[in-house]
Structures are given as structure tokens and as C-alpha cells.
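Participant: Just passing along the structure, written as C-alpha cells.
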Amino acid sequence: MDLKTGRNDPCWCGSEKKFKRCHWPNQGTQIKYERANFGSFGTSVRMQSISSIPKKDVDKILSLIEEQRRDGTRPLPSRLLQSIGDNPVLEVRNFLLDICAKLVDENWCGRSEMCIYFAVLLRHGLNFLGKPAEVHIGKATYIDHNNQDNRFEWDHSWVVSEEQLIDGNIDSMLENPMVPNGIAPAPYWGPIETTPSDRKLYSSRILDSSQDVIELDEQEITMWKQRLEVALKDKF
């Protein structure tokens, strides 16, 4: 069995199903650790040994996610959002971030590995409301306010719209077992020049919307976009 099998790759068992729809959810802790360690599109964590000791207990995180789903208490970005500006207004920002979070949180291990899906949905929602937006893919470094040497780097995705940076899914880092204690960035929506000092984002490319169904799971992202449009029509 290849521990590097991606969630959208053919399953190792030969069923011709995608890994995520076959053996992925049923693996033991090691597979959960690999898949919970982030990034549908690869991260620095993937370069670490699967036998590395996680900084947080994976099974406890997954159990907490399941419990919160049962209780309807899954955290949403709006509760911690650092928002600067009023275009769009805060109500729209909160709704967009939270509905995108709810959709990608349908991923079995939560939304901490779903930043690119979150960013694509957020761009789609902004475009649907008549706002220009771009999905940026690159590297991100997050820094502990109390200890500048305590840092975490990973591959990440975020949105830029009308000179505003939207780093909206980042509160889910708390569910990443490899993130050191002390690093807990809040979602941010505001001018690029006032990006919080606890993060450094380095864009390597912009994901064109025509590439969404090529780089992501076509069925998932298409379904989520449709549901997002329905939610926006109902709300606004």
C-alpha cells in the first residue's frame, strides 16, 4: 500500500474507485495521520516521515470533529474573523466564509486540508456576487506571537479581491496535528498592506477558474459550487 496515495488517485486496492471513496476513510491511524497532515495539493508535512511523532493526537482530533458534527458545534471562521473594511459588508463576509467552511468541512477529517477547495469556493462566491477575485497558491509561514522562533510552514491557498487579502480557512490549523502549540492564526479579510504580522504568504501562481475541475475533484467542487450559489440566492 502506498502511503502517498492522494485522495483523488485510484485506490491502491484496484477497485477503480478514487482512494477517498474506497479505502481512505477506513485506514488505521497511520493513514489518518498522513491524510490529516494536510494539503489536498501537498505540503511540507508530506516530506516528513510517516513515523514522525505528531505534536497533537490525531485520533483525539478526529474524535472531536465527529463529536462536534453530531452536536452541531463545528467552529466557523466568522467567530474569529479579523475584518478590516466594508466592501463587502461584514454580514456578507461572515456568510461567505461560513458557508464555504460548512461545505468543505464535509471532508471526512474536517477542513484543515481543504484550503484550496475553500479558496476556490470563496472566489466563486465573490464572482457570483459581482466581485473580482483570484485564488493564489503558494507557501505560507505562520508565527507564534510569543515566540518568533516557533513557526509552521505549509503549502496554502488564499484569495485576493480588490486589493484585499482573504485568508479565511486558517482557523482550521488548530486541527492540524503537526502545527506546534502557540500557533493559532485567525481568519483575516482586509487590505493586503495590513496583513497580520503572524503570517507571511508567498504566492507562486494564480489558479484560473478554468482549471478548477482539472486540479480538484470535479464532482465535489461542481456540487459545492452549485450549493453555494443556492445559499447565496436564498440569503441575498
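Naming scheme: A, B, ... for chains in displayed order of the C-alpha cells; residues 1 onward per chain; ligands 1 onward as shown.
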From a DSSP pass on the backbone, collect the residues of segment 85-226 of chain A flagged as alpha helix (DSSP H) and hand them back as a PyMOL selection string.

Facilitator: chain A and resi 90-104+115-128+212-215+218-226

Participant: Set the distance at 7 Å and use only C-alpha atoms: which residues neighbour segment 58-72 of chain A once local chain neighbours fewer than 4 positions away are removed? I'd like the list as a list of chain:residue names.

Facilitator: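 Listing them by chain and then by number gives A:Tyr33, A:Cys109, A:Gly110, A:Glu175, A:Pro177.
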
Participant: Select, from A:Tyr142, A:Trp158, A:Trp224, A:Phe152, the residue with the minimum atom-to-atom distance to Asp198 of chain A, counting only C-alpha atoms.

Facilitator: A:Tyr142

Participant: Env of Lys225 of chain A: 7 Å cut, atoms = only C-alpha atoms, seq-sep filter 4 positions within chain, self excluded. Answer as a list in words.

Facilitator: Leu121, Ile221 and Glu229 of chain A

Participant: Which one is closest to Asn8 of chain A: A:Leu216, A:Ile143, A:Met223, A:Ile192? Count only C-alpha atoms.

Facilitator: A:Leu216

Participant: Rank A:Ser203, A:Ile183, A:Phe95, A:Asp167 by their smallest atom-to-atom distance to Asp234 of chain A, using only C-alpha atoms, and report the top residue only.

Facilitator: A:Phe95

Participant: State, in Å with one decimal place, the distance from atom CA of Ser78 of chain A to atom CA of Ile170 of chain A.

Facilitator: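 Computing the Euclidean distance for atom CA of Ser78 of chain A and atom CA of Ile170 of chain A yields 11.4 Å.
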
Participant: If you run DSSP over the backbone, which residues in segment 27-217 of chain A end up strand (DSSP E)? Put them as an NGL selection string.

Facilitator: :A and (82-83 or 134-144 or 147-161 or 164-167 or 188-191 or 199-207)

Participant: Find the residue from A:Asn181, A:Asn94, A:Thr194, A:Thr73 that sits nearest to Leu122 of chain A; use only C-alpha atoms when measuring.

Facilitator: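 For Leu122 of chain A, the nearest of the given residues is A:Asn94.
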
Participant: Would you kindly return, as a compact mmCIF listing (two decimals) with N, CA, C and O atoms, in the first residue's frame, each protein, DNA or RNA residue with an atom no farther than 10 Å from any atom of Arg79 of chain A, considering only C-alpha atoms and excluding same-chain residues fewer than 4 positions away?

Facilitator:
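Produced file result_36.txt, reproduced below:
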```txt
# COMPACT_ATOMS: atom_id res chain seq x y z
N PRO A 75 -16.71 24.64 14.64
CA PRO A 75 -16.33 26.06 14.60
C PRO A 75 -16.36 26.60 13.17
O PRO A 75 -16.11 25.88 12.21
N ASN A 94 -18.99 37.38 6.59
CA ASN A 94 -19.22 36.28 7.52
C ASN A 94 -19.98 35.14 6.85
O ASN A 94 -19.64 33.96 7.02
N ASP A 98 -18.42 31.40 6.20
CA ASP A 98 -19.03 30.29 6.94
C ASP A 98 -19.66 29.26 6.02
O ASP A 98 -19.57 28.05 6.27
N ASP A 171 -8.23 29.25 10.50
CA ASP A 171 -8.52 28.85 11.87
C ASP A 171 -8.53 27.34 12.03
O ASP A 171 -8.35 26.82 13.12
N ALA A 186 -5.80 33.74 13.17
CA ALA A 186 -7.23 33.97 12.96
C ALA A 186 -7.49 34.28 11.49
O ALA A 186 -6.62 34.81 10.80
N PRO A 187 -8.67 33.95 10.99
CA PRO A 187 -9.02 34.34 9.62
C PRO A 187 -8.91 35.85 9.46
O PRO A 187 -9.23 36.61 10.38
```

Participant: For Lys233 of chain A, find every residue with an atom within 12 Å (counting only C-alpha atoms), except residues of its own chain fewer than 5 positions away, and show them as a list of chain:residue names.

Facilitator: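 Listed by chain and then number, they are A:Leu96, A:Gly125, A:Phe128, A:Leu129, A:Gln226, A:Arg227, A:Leu228.
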
Participant: As a list of chain:residue names, please: the residues near Gly138 of chain A (cut-off 6 Å, only C-alpha atoms, same-chain neighbours under 4 positions excluded).

Facilitator: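 Near neighbours after the sequence-gap exclusion: A:Asp155, A:His156, A:Tyr202, A:Ser203, A:Ser204.
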
Participant: Of the candidates A:Ser157, A:Gly168, A:Tyr188, A:Ala140, which shows the shortest atom-to-atom distance to Cys100 of chain A, using only C-alpha atoms?

Facilitator: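 Counting only C-alpha atoms, the residue closest to Cys100 of chain A is A:Gly168.
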
Participant: When distances are computed from only C-alpha atoms, which of A:Gln164, A:Asn150, A:Ser112, A:Asn169 shows the smallest separation from Gly190 of chain A?

Facilitator: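 Of the candidates, the smallest distance to Gly190 of chain A is held by A:Gln164.
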
Participant: Quick one: distance from atom CA of Arg123 of chain A to atom CA of Asp208 of chain A in Å, one decimal?

Facilitator: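 Here the two named atoms are 10.4 Å from each other.
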